[in-house]
$ cat data-v4.cif   # mmCIF, C-alpha atoms
data_run
loop_
_atom_site.label_atom_id
_atom_site.label_comp_id
_atom_site.auth_asym_id
_atom_site.auth_seq_id
_atom_site.Cartn_x
_atom_site.Cartn_y
_atom_site.Cartn_z
CA MET M 1 -9.97 -27.04 4.82
CA GLU M 2 -7.47 -27.03 7.64
CA LYS M 3 -7.24 -23.67 9.32
CA ASN M 4 -3.48 -23.17 9.14
CA SER M 5 -2.98 -24.69 5.69
CA LYS M 6 -1.10 -22.69 3.09
CA LYS M 7 -4.26 -22.36 1.08
CA ALA M 8 -6.19 -20.87 4.01
CA MET M 9 -3.42 -18.37 4.69
CA ILE M 10 -3.23 -17.23 1.09
CA ILE M 11 -6.99 -16.92 0.78
CA THR M 12 -7.23 -14.89 4.02
CA LEU M 13 -4.55 -12.41 3.09
CA ALA M 14 -5.75 -12.07 -0.49
CA THR M 15 -9.33 -11.46 0.63
CA ILE M 16 -8.34 -8.80 3.14
CA GLY M 17 -6.09 -7.19 0.53
CA ILE M 18 -8.82 -7.10 -2.10
CA ILE M 19 -11.42 -5.66 0.27
CA SER M 20 -8.95 -3.02 1.52
CA ALA M 21 -7.99 -2.03 -2.01
CA LEU M 22 -11.63 -1.78 -3.01
CA LEU M 23 -12.54 0.43 -0.04
CA LEU M 24 -9.52 2.65 -0.54
CA THR M 25 -10.37 3.10 -4.21
CA PHE M 26 -13.64 4.71 -3.17
CA VAL M 27 -11.93 6.82 -0.51
CA TYR M 28 -9.34 7.94 -3.06
CA GLN M 29 -11.98 8.92 -5.60
CA TRP M 30 -14.00 10.74 -2.97
CA THR M 31 -11.11 12.78 -1.52
CA THR M 32 -8.90 13.46 -4.58
CA PRO M 33 -10.94 16.42 -5.91
CA TYR M 34 -10.81 18.07 -2.47
CA ILE M 35 -7.07 17.45 -2.12
CA GLN M 36 -6.37 18.89 -5.57
CA ALA M 37 -8.59 21.89 -4.88
CA ASN M 38 -6.68 22.52 -1.65
CA GLN M 39 -3.36 22.43 -3.44
CA ALA M 40 -4.55 24.68 -6.26
CA LYS M 41 -5.97 27.13 -3.72
CA LYS M 42 -2.72 27.18 -1.79
CA GLN M 43 -0.73 27.86 -4.95
CA LYS M 44 -3.11 30.57 -6.10
CA GLN M 45 -2.94 32.29 -2.72
CA ALA M 46 0.84 32.16 -2.87
CA ILE M 47 0.87 33.70 -6.37
CA ASN M 48 -1.45 36.49 -5.25
CA LYS M 49 0.79 37.10 -2.27
CA VAL M 50 4.04 37.38 -4.22
CA LEU M 51 2.67 39.42 -7.15
CA PRO M 52 0.93 42.49 -5.71
CA GLY M 53 -2.03 43.67 -7.78
CA VAL M 54 -2.30 40.62 -9.99
CA VAL M 55 -5.70 39.91 -11.56
CA GLU M 56 -4.92 37.33 -14.22
CA VAL M 57 -2.39 34.52 -14.19
CA LYS M 58 -1.09 32.64 -17.23
CA ARG M 59 0.83 29.39 -16.95
CA ILE M 60 3.85 29.31 -19.23
CA GLU M 61 6.47 26.64 -19.68
CA LYS M 62 9.98 27.70 -20.58
CA ASN M 63 13.13 25.54 -20.59
CA GLY M 64 11.09 22.84 -18.87
CA ASN M 65 10.18 25.11 -15.93
CA LEU M 66 6.73 26.40 -15.09
CA PHE M 67 6.23 30.15 -14.73
CA TYR M 68 3.10 32.02 -13.73
CA GLU M 69 2.90 35.34 -15.54
CA GLY M 70 0.80 37.89 -13.68
CA TYR M 71 -1.15 40.62 -15.48
CA ASP M 72 -2.95 43.65 -14.05
CA THR M 73 -6.40 44.99 -15.00
CA ASN M 74 -5.02 46.68 -18.15
CA GLY M 75 -3.42 43.47 -19.37
CA ASN M 76 0.11 44.62 -18.63
CA ARG M 77 2.51 42.04 -17.33
CA ILE M 78 3.44 43.08 -13.81
CA GLY M 79 5.65 40.16 -13.02
CA VAL M 80 6.35 36.48 -13.01
CA ALA M 81 5.89 34.02 -10.15
CA PHE M 82 7.57 30.63 -10.00
CA THR M 83 8.61 28.01 -7.50
CA SER M 84 12.12 27.04 -6.57
CA THR M 85 12.97 24.01 -4.46
CA GLY M 86 16.08 23.04 -2.55
CA GLY M 87 17.36 21.34 0.55
CA GLY M 88 16.83 22.90 3.95
CA TYR M 89 17.87 21.77 7.43
CA ASN M 90 15.36 18.92 7.72
CA GLY M 91 14.03 18.40 4.21
CA LEU M 92 13.01 20.10 1.02
CA ILE M 93 11.91 23.72 1.07
CA GLU M 94 9.67 24.99 -1.73
CA VAL M 95 9.57 28.75 -2.21
CA MET M 96 7.23 30.78 -4.41
CA ILE M 97 9.03 33.84 -5.75
CA GLY M 98 7.42 36.83 -7.43
CA VAL M 99 9.72 38.98 -9.58
CA ASN M 100 9.53 42.20 -11.54
CA LEU M 101 11.47 41.48 -14.73
CA GLU M 102 11.44 45.11 -15.87
CA LYS M 103 13.32 46.24 -12.79
CA ASN M 104 15.16 42.96 -12.11
CA GLN M 105 13.71 42.96 -8.63
CA ILE M 106 12.00 40.49 -6.35
CA TYR M 107 8.51 41.54 -5.31
CA LYS M 108 7.98 39.11 -2.47
CA ILE M 109 8.52 35.49 -1.53
CA SER M 110 6.29 32.90 0.10
CA ILE M 111 7.22 29.52 1.56
CA LEU M 112 5.00 26.78 0.12
CA ASN M 113 6.40 23.69 1.84
CA HIS M 114 9.07 23.05 4.42
CA GLN M 115 9.96 20.70 7.27
CA GLU M 116 12.16 23.00 9.32
CA THR M 117 12.32 22.86 13.12
CA PRO M 118 9.25 24.42 14.72
CA GLY M 119 10.10 27.59 16.61
CA LEU M 120 13.48 27.93 14.90
CA GLY M 121 13.87 27.19 11.20
CA ALA M 122 10.10 27.22 10.71
CA ARG M 123 10.30 30.98 11.21
CA ILE M 124 11.33 31.22 7.55
CA THR M 125 7.57 31.45 7.01
CA GLY M 126 7.39 34.49 9.27
CA LYS M 127 7.00 38.03 7.96
CA GLU M 128 10.18 39.19 9.60
CA TYR M 129 12.40 36.84 7.62
CA LYS M 130 10.49 36.93 4.34
CA SER M 131 10.50 40.73 4.25
CA ASN M 132 14.28 40.49 3.83
CA PHE M 133 13.60 39.80 0.18
CA ASN M 134 10.95 42.43 -0.47
CA ASN M 135 12.00 44.54 -3.50
CA LYS M 136 15.53 43.12 -3.49
CA PRO M 137 17.48 43.42 -6.75
CA PHE M 138 18.61 40.19 -8.42
CA GLY M 139 22.08 38.98 -7.54
CA ASN M 140 23.97 37.14 -4.86
CA TYR M 141 22.91 37.70 -1.30
CA ASN M 142 24.92 37.70 1.85
CA VAL M 143 23.44 36.14 4.97
CA VAL M 144 24.39 38.19 8.03
CA LYS M 145 23.57 37.84 11.72
CA THR M 146 23.10 41.53 12.45
CA PRO M 147 20.49 43.89 11.01
CA PRO M 148 21.43 44.33 7.33
CA SER M 149 23.32 47.50 6.49
CA LYS M 150 23.84 46.85 2.78
CA GLU M 151 21.28 46.23 0.10
CA MET M 152 22.36 42.67 -0.72
CA GLN M 153 22.37 41.51 2.90
CA VAL M 154 19.79 39.15 4.35
CA GLN M 155 19.34 38.85 8.10
CA ALA M 156 19.47 35.27 9.37
CA ILE M 157 16.95 33.99 11.90
CA ALA M 158 18.60 33.67 15.30
CA GLY M 159 19.40 29.99 15.90
CA ALA M 160 18.47 28.98 12.36
CA THR M 161 21.37 30.06 10.18
CA ILE M 162 21.22 26.91 8.03
CA SER M 163 17.53 27.38 7.21
CA SER M 164 18.11 31.07 6.47
CA GLU M 165 21.01 30.29 4.16
CA SER M 166 19.11 27.47 2.44
CA VAL M 167 16.20 29.73 1.56
CA THR M 168 18.62 32.37 0.28
CA GLU M 169 20.34 29.80 -1.94
CA ILE M 170 17.00 28.47 -3.20
CA ILE M 171 16.02 32.01 -4.15
CA GLU M 172 19.35 32.66 -5.89
CA ALA M 173 18.94 29.43 -7.89
CA GLY M 174 15.38 30.45 -8.76
CA LEU M 175 16.50 33.85 -9.98
CA ASP M 176 19.05 32.19 -12.28
CA LYS M 177 16.23 30.06 -13.63
CA VAL M 178 13.96 32.99 -14.39
CA THR M 179 16.67 35.21 -15.89
CA SER M 180 17.85 32.45 -18.22
CA ALA M 181 14.27 31.64 -19.25
CA TYR M 182 13.40 35.28 -19.92
CA GLY M 183 16.68 36.15 -21.61
CA GLY M 184 18.67 38.03 -19.01
CA GLY M 185 15.66 39.71 -17.51
CA ASN M 186 14.25 41.54 -20.50
CA MET N 1 -23.63 -13.24 23.95
CA ALA N 2 -24.72 -11.11 26.84
CA LEU N 3 -23.47 -7.59 27.21
CA ASP N 4 -21.63 -7.26 30.46
CA LEU N 5 -21.68 -3.53 31.09
CA LYS N 6 -19.57 -3.71 34.22
CA GLU N 7 -16.88 -5.61 32.35
CA MET N 8 -17.03 -3.15 29.46
CA PHE N 9 -16.70 -0.21 31.83
CA SER N 10 -13.63 -1.67 33.44
CA ASP N 11 -12.13 -2.31 29.97
CA PHE N 12 -12.82 1.32 29.13
CA LYS N 13 -11.38 2.68 32.38
CA ASN N 14 -8.31 0.52 32.02
CA GLY N 15 -6.92 2.60 29.16
CA LEU N 16 -7.51 5.93 30.88
CA TRP N 17 -5.25 5.31 33.83
CA ALA N 18 -4.30 1.82 35.06
CA GLU N 19 -2.95 0.70 31.70
CA ASN N 20 -2.64 4.07 30.04
CA PRO N 21 -0.67 3.45 26.83
CA ILE N 22 1.76 6.31 27.28
CA ILE N 23 2.34 6.75 31.00
CA ARG N 24 1.86 3.13 32.09
CA LEU N 25 2.66 0.87 29.14
CA VAL N 26 5.04 3.40 27.50
CA ILE N 27 4.10 2.35 23.97
CA GLY N 28 3.42 4.48 20.90
CA MET N 29 6.31 6.75 21.82
CA CYS N 30 7.17 7.84 18.27
CA PRO N 31 4.10 10.08 17.66
CA THR N 32 4.01 10.97 21.36
CA LEU N 33 7.42 12.58 21.23
CA ALA N 34 7.28 13.87 17.67
CA VAL N 35 3.99 15.67 17.23
CA THR N 36 3.19 17.07 20.66
CA ASN N 37 4.89 20.42 20.03
CA THR N 38 1.48 22.10 19.98
CA THR N 39 -1.80 21.30 21.73
CA GLU N 40 -3.68 21.12 18.43
CA ASN N 41 -1.24 18.63 16.93
CA GLY N 42 -1.47 16.47 20.05
CA LEU N 43 -5.27 16.45 19.89
CA ALA N 44 -5.36 15.71 16.14
CA MET N 45 -2.85 12.89 16.50
CA GLY N 46 -4.75 11.44 19.47
CA LEU N 47 -8.07 11.48 17.62
CA ALA N 48 -6.61 10.06 14.39
CA THR N 49 -4.95 7.24 16.33
CA SER N 50 -8.14 6.60 18.33
CA PHE N 51 -10.19 6.32 15.14
CA VAL N 52 -7.78 3.79 13.65
CA LEU N 53 -7.57 1.89 16.94
CA ILE N 54 -11.33 1.63 17.48
CA SER N 55 -12.13 0.77 13.84
CA SER N 56 -9.50 -1.93 13.58
CA GLU N 57 -10.44 -3.40 16.98
CA ILE N 58 -14.05 -3.70 15.75
CA VAL N 59 -13.08 -5.37 12.48
CA ILE N 60 -10.53 -7.71 14.02
CA SER N 61 -12.76 -8.79 16.88
CA LEU N 62 -15.45 -9.58 14.30
CA ILE N 63 -13.27 -11.67 12.00
CA LYS N 64 -10.82 -13.08 14.56
CA LYS N 65 -12.10 -16.63 14.10
CA LEU N 66 -11.58 -16.52 10.32
CA ILE N 67 -7.93 -15.53 10.44
CA PRO N 68 -5.40 -18.39 10.57
CA ALA N 69 -3.04 -17.86 13.50
CA ASN N 70 0.04 -18.01 11.28
CA VAL N 71 -0.95 -14.96 9.25
CA ARG N 72 -2.69 -12.94 11.96
CA ILE N 73 -0.02 -10.21 12.21
CA PRO N 74 0.04 -9.44 8.44
CA SER N 75 -3.75 -9.51 8.44
CA TYR N 76 -3.90 -7.02 11.31
CA ILE N 77 -1.39 -4.75 9.60
CA LEU N 78 -3.39 -4.79 6.36
CA ILE N 79 -6.58 -3.84 8.21
CA ILE N 80 -4.81 -1.12 10.22
CA ALA N 81 -3.13 0.26 7.09
CA THR N 82 -6.50 0.53 5.35
CA PHE N 83 -7.89 2.72 8.12
CA VAL N 84 -4.72 4.78 8.33
CA THR N 85 -4.79 5.48 4.59
CA PHE N 86 -8.40 6.54 4.98
CA VAL N 87 -7.46 8.98 7.76
CA ASP N 88 -4.55 10.28 5.71
CA TYR N 89 -6.74 11.09 2.69
CA PHE N 90 -9.51 12.45 4.90
CA LEU N 91 -7.22 14.89 6.71
CA LYS N 92 -5.57 16.02 3.47
CA ALA N 93 -8.96 16.66 1.89
CA PHE N 94 -10.82 18.34 4.74
CA TYR N 95 -8.20 19.49 7.25
CA PRO N 96 -5.19 20.41 5.08
CA GLY N 97 -3.65 22.53 7.83
CA ILE N 98 -3.59 19.66 10.32
CA ALA N 99 -2.45 17.21 7.63
CA GLU N 100 0.47 19.50 6.91
CA SER N 101 1.60 19.90 10.49
CA LEU N 102 1.32 16.16 11.23
CA SER N 103 2.90 15.37 7.83
CA ILE N 104 4.67 12.00 7.83
CA PHE N 105 3.29 10.97 11.23
CA VAL N 106 -0.17 10.23 9.86
CA PRO N 107 0.96 7.34 7.59
CA LEU N 108 3.25 6.25 10.43
CA ILE N 109 0.21 5.44 12.61
CA VAL N 110 0.35 2.05 10.82
CA VAL N 111 3.41 1.11 12.82
CA ASN N 112 2.23 2.59 16.11
CA CYS N 113 2.73 -0.36 18.43
CA LEU N 114 -0.22 0.75 20.55
CA ILE N 115 -2.59 -0.21 17.73
CA LEU N 116 -1.01 -3.52 16.77
CA GLY N 117 -0.48 -4.28 20.46
CA ARG N 118 -4.17 -3.89 21.33
CA GLN N 119 -5.21 -6.11 18.40
CA GLU N 120 -2.89 -8.87 19.53
CA ALA N 121 -3.52 -8.46 23.26
CA PHE N 122 -7.21 -7.64 23.27
CA ALA N 123 -9.30 -7.55 20.09
CA SER N 124 -8.18 -10.99 18.92
CA GLN N 125 -9.31 -12.57 22.19
CA HIS N 126 -12.42 -10.68 23.24
CA SER N 127 -15.94 -9.98 22.00
CA THR N 128 -16.68 -6.98 19.79
CA PRO N 129 -18.44 -4.88 22.50
CA ARG N 130 -15.50 -5.35 24.84
CA ALA N 131 -13.09 -4.56 22.01
CA ILE N 132 -14.95 -1.29 21.39
CA ALA N 133 -14.77 -0.42 25.10
CA ASP N 134 -11.05 -1.16 25.07
CA GLY N 135 -10.49 0.85 21.89
CA VAL N 136 -12.36 3.89 23.20
CA GLY N 137 -10.59 3.72 26.57
CA MET N 138 -7.13 3.25 25.10
CA GLY N 139 -7.78 5.90 22.44
CA LEU N 140 -8.95 8.46 25.01
CA GLY N 141 -6.10 7.51 27.32
CA PHE N 142 -3.65 8.12 24.48
CA THR N 143 -5.36 11.37 23.48
CA TRP N 144 -5.51 13.01 26.90
CA VAL N 145 -1.82 12.45 27.54
CA LEU N 146 -0.93 13.80 24.05
CA VAL N 147 -3.06 16.90 24.64
CA LEU N 148 -1.52 17.46 28.07
CA LEU N 149 2.00 17.03 26.66
CA GLY N 150 1.20 19.34 23.77
CA ALA N 151 -0.30 21.95 26.08
CA ILE N 152 2.71 21.96 28.42
CA ARG N 153 5.19 22.15 25.54
CA GLU N 154 3.26 24.83 23.65
CA PHE N 155 2.78 26.90 26.81
CA PHE N 156 6.46 26.98 27.68
CA GLY N 157 7.79 26.85 24.14
CA MET N 158 5.52 29.43 22.50
CA GLY N 159 3.58 31.03 25.35
CA SER N 160 0.26 29.88 23.94
CA ILE N 161 -2.27 27.03 24.16
CA PHE N 162 -4.33 25.95 21.12
CA GLY N 163 -2.65 28.82 19.26
CA LEU N 164 -4.07 31.41 21.71
CA THR N 165 -1.32 33.57 23.11
CA LEU N 166 -1.52 33.52 26.88
CA LEU N 167 1.80 35.03 27.79
CA GLY N 168 2.57 38.51 26.58
CA GLU N 169 5.49 39.98 24.70
CA TRP N 170 7.64 39.94 27.83
CA TYR N 171 7.83 36.16 27.75
CA ARG N 172 10.89 34.73 26.03
CA PRO N 173 9.79 31.30 24.74
CA MET N 174 11.85 28.32 25.86
CA VAL N 175 12.60 27.03 22.39
CA ILE N 176 13.88 23.72 23.77
CA MET N 177 10.31 22.80 24.74
CA VAL N 178 9.11 22.58 21.12
CA LEU N 179 12.24 20.68 20.09
CA PRO N 180 12.56 16.88 20.55
CA ALA N 181 14.56 17.36 23.77
CA GLY N 182 11.59 19.16 25.31
CA ALA N 183 9.39 16.17 24.54
CA PHE N 184 11.68 13.79 26.42
CA ILE N 185 11.98 16.13 29.41
CA THR N 186 8.22 16.77 29.64
CA LEU N 187 7.32 13.11 29.20
CA GLY N 188 9.86 12.05 31.82
CA ILE N 189 8.55 14.51 34.39
CA LEU N 190 4.94 13.59 33.56
CA VAL N 191 5.53 9.84 33.97
CA GLY N 192 7.35 10.57 37.24
CA ILE N 193 4.43 12.59 38.60
CA MET N 194 1.90 9.94 37.54
CA ASN N 195 3.95 7.19 39.18
CA TYR N 196 4.16 9.25 42.35
CA ILE N 197 0.40 9.81 42.39
CA SER N 198 -0.47 6.16 41.87
CA ARG N 199 2.03 5.06 44.49
CA GLU N 200 0.57 7.53 47.04
CA GLY N 201 -2.87 6.10 46.36
CA LYS N 202 -1.85 2.64 47.50
#
$ encode --input "data-v4.cif" --output "structure tokens"
Amino acid sequence: MEKNSKKAMIITLATIGIISALLLTFVYQWTTPYIQANQAKKQKQAINKVLPGVVEVKRIEKNGNLFYEGYDTNGNRIGVAFTSTGGGYNGLIEVMIGVNLEKNQIYKISILNHQETPGLGARITGKEYKSNFNNKPFGNYNVVKTPPSKEMQVQAIAGATISSESVTEIIEAGLDKVTSAYGGGN
Amino acid sequence: MALDLKEMFSDFKNGLWAENPIIRLVIGMCPTLAVTNTTENGLAMGLATSFVLISSEIVISLIKKLIPANVRIPSYILIIATFVTFVDYFLKAFYPGIAESLSIFVPLIVVNCLILGRQEAFASQHSTPRAIADGVGMGLGFTWVLVLLGAIREFFGMGSIFGLTLLGEWYRPMVIMVLPAGAFITLGILVGIMNYISREGK
């Protein structure tokens, strides 16, 4: 067989492709359980963070959205956690929000995924910014550049107003989702 | 095939300085500029790239005679992509933190011209032992510059190195250093210094 014949080229590429696919199948099977465990762990940690005192979590689907209902040791529902996703400055931002439906209040938020600028927008994961939302009542928030003086104000990160506003909007959209799913917060 | 250790050593040394991929050949710039905002990211990127580079140089130097010249580039890319996918899964499974901070740049190692360049320029024309020496040298050469870049940028941009805070509260981080502009500035100065040093040596 001539070395540069069409047949030789096809056989070479096909062989390499088959061997690669075969090897990667094993790699995929070997790593997938670890990758899934990592993701589940990350989500569980986020739920525990945004629902203080939670001991048991139930997954519930309402209106096509997933909600994680958190219960305390006595089996009382303390709150609901859920994710809300939206556009940020560089890419999608995924936020885990924990809410108290009895009081119509946010417990806490946690950023699951983001691609914001390191040192600037990435500070949405910092305590300083996230604490803006601790125990905030549901509603529309106002992003301000000075320390907040009113309840519904959220302080933007210096140099990252777009990221700060994006997260605020993602949270507002998430709150609409949870109030409509749970019938106006009852 | 006799092992020529002297030849192998010079192949190895080549990548560290004389033909250093970043400061001499100026290839593989995309990950160099993008992920060196911290020392840890630079190191992880350097090691991941080195692994792919060495593995694919071994495989390609072994099968170079079997590949028809007309399809050598697609063949190389297939082999490189296999190793890159392996690294991608491996990092996601065992080092999720690093996988997250390198994000899209791990799959992008496939198109790092350093790797394809070394296959075409070296592995496809030399014996396997020499290809290994070249891969290790080039990989280490790539890694040390990435770590240095990452360290400089993290130090000025965050006041820390490897996540350890070195400068106290009084230090106001130069945010530009962790942004893309900081990468260009640091790399430019670094290449300038290296050129000056090697010119002085002559």
$ closest_atom_pairs --input "data-v4.cif" --of "chain M" --to "chain N" --cutoff "6 Å" --atoms "only C-alpha atoms" --output "CSV"
residue,atom,partner,partner_atom,distance
M:Lys3,CA,N:Pro68,CA,5.7
M:Asn4,CA,N:Pro68,CA,5.3
M:Ser20,CA,N:Thr82,CA,5.8
M:Thr31,CA,N:Ala93,CA,5.6
M:Tyr34,CA,N:Ala93,CA,4.9
M:Ile35,CA,N:Ala93,CA,4.5
$ residues_around --input "data-v4.cif" --residues "Phe155 in chain N" --least-positions-apart "5" --cutoff "9 Å" --atoms "all atoms listed in the file" --output "number ranges by chain"
N: 38-39, 150, 160-161, 165-167, 173, 177
$ resolve_selection --input "data-v4.cif" --expression "the PyMOL selection byres ((chain N and resi 121) around 12)" --output "VMD selection string"
chain N and resid 57 60 to 61 73 113 to 120 122 to 126 131 134 to 135
$ atom_distance --input "data-v4.cif" --atom1 "CA of Phe162 in chain N" --atom2 "CA of Leu43 in chain N"
9.6 Å
$ closest_residue --input "data-v4.cif" --among "N:Ile104, N:Met8, N:Val136, N:Val110" --to "Ser55 in chain N" --atoms "all atoms listed in the file"
N:Val136
$ resolve_selection --input "data-v4.cif" --expression "the PyMOL selection byres ((chain M and resi 133) around 8)" --output "list in words"
Ile106, Tyr107, Lys108, Ile109, Lys130, Ser131, Asn132, Asn134, Asn135, Lys136 and Val154 of chain M
$ residues_around --input "data-v4.cif" --residues "range 140-143 of chain N" --least-positions-apart "3" --cutoff "8 Å" --atoms "all atoms listed in the file" --output "count of residues only"
16
$ residues_around --input "data-v4.cif" --residues "Gly53 in chain M" --least-positions-apart "5" --cutoff "10 Å" --atoms "only C-alpha atoms" --output "ChimeraX atom specification"
/M:48,70-73,78-79
$ write_last_selection --input "data-v4.cif" --atoms "C-alpha atoms" --output "PDB file, in the frame of the given file"
ATOM      1  CA  ASN M  48      -1.450  36.490  -5.250  1.00  0.00           C
ATOM      2  CA  GLY M  70       0.800  37.890 -13.680  1.00  0.00           C
ATOM      3  CA  TYR M  71      -1.150  40.620 -15.480  1.00  0.00           C
ATOM      4  CA  ASP M  72      -2.950  43.650 -14.050  1.00  0.00           C
ATOM      5  CA  THR M  73      -6.400  44.990 -15.000  1.00  0.00           C
ATOM      6  CA  ILE M  78       3.440  43.080 -13.810  1.00  0.00           C
ATOM      7  CA  GLY M  79       5.650  40.160 -13.020  1.00  0.00           C
TER       8      GLY M  79
END
$ resolve_selection --input "data-v4.cif" --expression "the PyMOL selection byres ((chain M and resi 182) around 12)" --output "VMD selection string"
chain M and resid 60 to 63 65 67 69 79 to 80 99 to 102 104 175 to 181 183 to 186
